[in-house]
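These notes concern the structure reproduced below.
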Amino acid sequence: MKPVNKKVRRLAVLCLLAALLSSVLSSCGSDAGSNKEEDGRITIKFWTIALQPTFNDYFNNLISEYQKNHPGVTVEWSDYPYDAISNKLLTGIASGNVPDVVNLNTEFANQMASKGALADLTPYLSDTERSSYFDGIFNSTVLDNKPYALPWYTGTEVLYMNTRLVKQAGLDPANPPKTRDELNEWSRQIKAKTGASGYALTFAARLFPVEGISILNDDKTAAAFNTPAALDMIRNMQQLIQEGVLVGEDSNFDKQIQYFSSEQTAFEIAGPTFINFIKTAAPDVYKNTIAVPLPTGKADVRLSNTMNLVVPAKSGAPQQAAEFAKFLTDASNQTSFSKAANTLPSTKESIKDAYFTQNDNTLESQAKVASAESLDKAVDYMVGVPNASDINSAIAVQLQEIFLNGKDPQQGLTTAEQEVNQILKQ
């Protein structure tokens, strides 16, 4: 299974596929009823991303249970690599051979939904079922008040802290920073006392919603981030970079691992997969690292990265597909899958399980508990945003120009705004 939080490399692929989507959909013919046998049996085609062979036993048992309780329904499970499933899905839509339940990330699910390629799940969801998921995560794929996906496994970032550097700076790891402002003040003190920077970041659109700055307006028709608040945030970050508090580089995940493992930074903002890398790259640093809930910005939210289940609009059995998707994402099955896969569930009831609250003081356990505690504030920052990849890229380019090449911040914001508005008109 691919780590939920490793998406940067894939954005270009998603962007190209999204550009093809409109022309592909226009050639679609209806295949309604294509998976209904003459004797009335239903075959549900279920596609996932990178779950075989690791979870073969888990899903085969789950599917057998479902089929036993739903006579006349057969589930055919297929699994594809992350970078292949989008192309496979588009090809299936073009040929009329669509699956019925598909595992997609939020970004691509939104793109598909905005093009009319996904079924509106409203007729198949009760109010109780809708409210069983964490609100911020469920709403990430709601467009025009219509839900187009059921959230499945998810992840939130935590703050990893090098306790050796923190203590050397005269700070107390037992009382970690709660806000981004406090984190920056800790980073300043660490820089002054130890010479290490606070942390490294990727310069991306996700910086805005953390501080309560909307990327688009309410109806998703125009950019909304060219504001005094955004300008203040950017200037503050420029100051942090100038002081060496924030690393002055657009740092991808690999670079962030290098900085933290070499003790050039004292903090890392990442998901649980970071642990395996740091444990291998720098075992001594790993021993001095703890995980705590991520300090929040002005919006008091934590960003999630969720995998969802969707029903393509051309499914021949949308009701049965929706029922199967609800079965996979109910609290009981989400809890069991999270335990098997070391992920987080998107259902409120699951978090009550002792598995998500027990802490044996290992770094892995600390990260799990800190992540689970963050779910009530979890949101996907591209909530209902069409053409998300293109918008992300346009904003990222201008942020890089500002932070790395000295472009005037207001000019960069204005250019990004113009480019985003142009993307939205396409």
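Here's how to read the names in the structure tokens: chain A, B, ... by the order shown, residue numbers from 1 in each chain, ligand numbers from 1 in the order shown.
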Practice item. For region 404-408 of chain A, list every protein, DNA or RNA residue within 10 Å, evaluated using only C-alpha atoms, and leave out those in the same chain fewer than 5 positions away; present the list as a list in words. Key: Phe203, Arg235, Gln238, Ile241, Gly248, Glu249, Asp250, Gln398, Leu399 and Leu413 of chain A
Quick one: contact table of region 172-240 of chain A to region 138-146 of chain A, 12 Å max, nearest atom pair and distance in Å to one decimal per residue, counting only C-alpha atoms, chain and number order, as a tab-separated table?
residue	atom	partner	partner_atom	distance
A:Asp218	CA	A:Asp144	CA	10.3
A:Asp219	CA	A:Asp144	CA	8.2
A:Lys220	CA	A:Leu143	CA	9.5
Based on the selection just made, write C-alpha atoms of those residues as a compact mmCIF listing (two decimals), in the first residue's frame.
# COMPACT_ATOMS: atom_id res chain seq x y z
CA ASP A 218 -17.75 29.80 -1.60
CA ASP A 219 -19.14 28.74 -4.96
CA LYS A 220 -15.69 27.68 -6.25
Practice item. From region 203-373 of chain A, collect each residue whose DSSP state is helix (DSSP H, G or I) and return the set as a PyMOL selection string. Key: chain A and resi 207-210+228-243+253-261+273-281+283-287+318-328+331-341+349-352+354-356+363-373
Can you tell me, as a tab-separated table (two decimals) with all heavy atoms, in the first residue's frame, what residues are no more than 9 Å from Ala196 (chain A) when counting only C-alpha atoms, ignoring any on the same chain fewer than 4 positions away?
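Everything below was put into out.tsv:
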chain	number	residue	atom	x	y	z
A	165	LEU	N	17.89	18.51	20.76
A	165	LEU	CA	18.02	19.91	20.37
A	165	LEU	C	17.07	20.80	21.18
A	165	LEU	O	17.44	21.92	21.57
A	165	LEU	CB	17.73	20.06	18.87
A	165	LEU	CG	18.76	19.45	17.92
A	165	LEU	CD1	18.28	19.58	16.48
A	165	LEU	CD2	20.12	20.13	18.09
A	187	SER	N	11.27	27.57	17.43
A	187	SER	CA	12.28	27.43	16.37
A	187	SER	C	13.31	28.55	16.44
A	187	SER	O	14.51	28.33	16.21
A	187	SER	CB	11.60	27.43	15.00
A	187	SER	OG	10.73	26.32	14.87
A	190	ILE	N	15.64	27.70	19.27
A	190	ILE	CA	16.52	26.60	18.88
A	190	ILE	C	17.62	27.10	17.95
A	190	ILE	O	18.79	26.72	18.07
A	190	ILE	CB	15.69	25.47	18.23
A	190	ILE	CG1	14.90	24.74	19.30
A	190	ILE	CG2	16.58	24.50	17.45
A	190	ILE	CD1	13.85	23.80	18.78
A	191	LYS	N	17.25	27.97	17.02
A	191	LYS	CA	18.24	28.53	16.10
A	191	LYS	C	19.30	29.32	16.87
A	191	LYS	O	20.51	29.20	16.61
A	191	LYS	CB	17.54	29.43	15.07
A	191	LYS	CG	18.48	30.05	14.03
A	191	LYS	CD	19.10	29.00	13.14
A	191	LYS	CE	19.98	29.62	12.07
A	191	LYS	NZ	20.63	28.60	11.22
A	192	ALA	N	18.84	30.10	17.83
A	192	ALA	CA	19.76	30.94	18.60
A	192	ALA	C	20.69	30.11	19.49
A	192	ALA	O	21.86	30.44	19.66
A	192	ALA	CB	18.98	31.93	19.45
A	244	GLY	N	16.70	32.15	9.32
A	244	GLY	CA	17.17	30.77	9.39
A	244	GLY	C	16.30	29.89	10.25
A	244	GLY	O	16.63	28.73	10.52
A	245	VAL	N	15.17	30.43	10.70
A	245	VAL	CA	14.23	29.66	11.51
A	245	VAL	C	13.54	28.60	10.64
A	245	VAL	O	13.32	27.47	11.06
A	245	VAL	CB	13.19	30.60	12.15
A	245	VAL	CG1	12.09	29.80	12.85
A	245	VAL	CG2	13.89	31.53	13.13
A	263	GLU	N	20.17	16.45	11.89
A	263	GLU	CA	19.97	17.43	12.95
A	263	GLU	C	20.19	18.86	12.48
A	263	GLU	O	20.58	19.73	13.25
A	263	GLU	CB	20.85	17.12	14.17
A	263	GLU	CG	20.48	15.82	14.85
A	263	GLU	CD	21.09	15.67	16.23
A	263	GLU	OE1	22.32	15.90	16.37
A	263	GLU	OE2	20.35	15.32	17.17
A	264	GLN	N	19.91	19.10	11.21
A	264	GLN	CA	19.90	20.48	10.70
A	264	GLN	C	18.57	21.15	11.01
A	264	GLN	O	18.46	22.37	10.94
A	264	GLN	CB	20.16	20.49	9.20
A	264	GLN	CG	21.55	20.02	8.81
A	264	GLN	CD	21.76	20.06	7.31
A	264	GLN	OE1	21.84	21.13	6.70
A	264	GLN	NE2	21.82	18.89	6.68
A	265	THR	N	17.55	20.35	11.31
A	265	THR	CA	16.26	20.86	11.78
A	265	THR	C	15.87	20.11	13.04
A	265	THR	O	16.27	18.95	13.24
A	265	THR	CB	15.14	20.68	10.72
A	265	THR	OG1	15.04	19.30	10.36
A	265	THR	CG2	15.42	21.53	9.48
A	266	ALA	N	15.10	20.78	13.88
A	266	ALA	CA	14.67	20.18	15.14
A	266	ALA	C	13.28	19.57	15.06
A	266	ALA	O	12.92	18.74	15.90
A	266	ALA	CB	14.70	21.23	16.26
Review point. Given the choices A:Ala388, A:Ile257, A:Met237, A:Ala299, which gets closest to Phe277 (chain A) if the distance is worked out from only C-alpha atoms?
Key: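 Residue with the minimum atom-to-atom distance to Phe277 (chain A): A:Ile257.
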Study note, to complete from the structure: From the list A:Ile278, A:Asn184, A:Pro81, A:Ile215, the nearest residue to Leu246 (chain A) using only C-alpha atoms is A:Asn184
Could the residues of region 66-101 of chain A that have an atom at most 12 Å from region 113-124 of chain A be listed as CSV, each with its closest atom pair and the distance in Å to one decimal, counting only C-alpha atoms and ordered by chain and ascending residue number?
residue,atom,partner,partner_atom,distance
A:Leu89,CA,A:Ala117,CA,10.4
A:Leu90,CA,A:Ala117,CA,9.6
A:Gly92,CA,A:Ala117,CA,11.6
A:Ile93,CA,A:Ala117,CA,8.4
A:Ala94,CA,A:Ala117,CA,11.0
A:Val98,CA,A:Ala117,CA,10.6
A:Pro99,CA,A:Leu118,CA,11.2
A:Asp100,CA,A:Ala119,CA,10.0
A:Val101,CA,A:Leu118,CA,10.2
Per residue of region 68-174 of chain A within 12 Å of region 349-362 of chain A, which atom pair is closest and at what distance in Å (one decimal), using only C-alpha atoms, listed by chain and increasing number, as JSON lines?
{"residue": "A:Glu129", "atom": "CA", "partner": "A:Glu349", "partner_atom": "CA", "distance": 11.6}
{"residue": "A:Ser131", "atom": "CA", "partner": "A:Glu349", "partner_atom": "CA", "distance": 10.5}
{"residue": "A:Ser132", "atom": "CA", "partner": "A:Glu349", "partner_atom": "CA", "distance": 7.2}
{"residue": "A:Tyr133", "atom": "CA", "partner": "A:Glu349", "partner_atom": "CA", "distance": 8.4}
{"residue": "A:Phe134", "atom": "CA", "partner": "A:Glu349", "partner_atom": "CA", "distance": 9.5}
{"residue": "A:Trp152", "atom": "CA", "partner": "A:Ser350", "partner_atom": "CA", "distance": 11.8}
{"residue": "A:Tyr153", "atom": "CA", "partner": "A:Ser350", "partner_atom": "CA", "distance": 11.3}
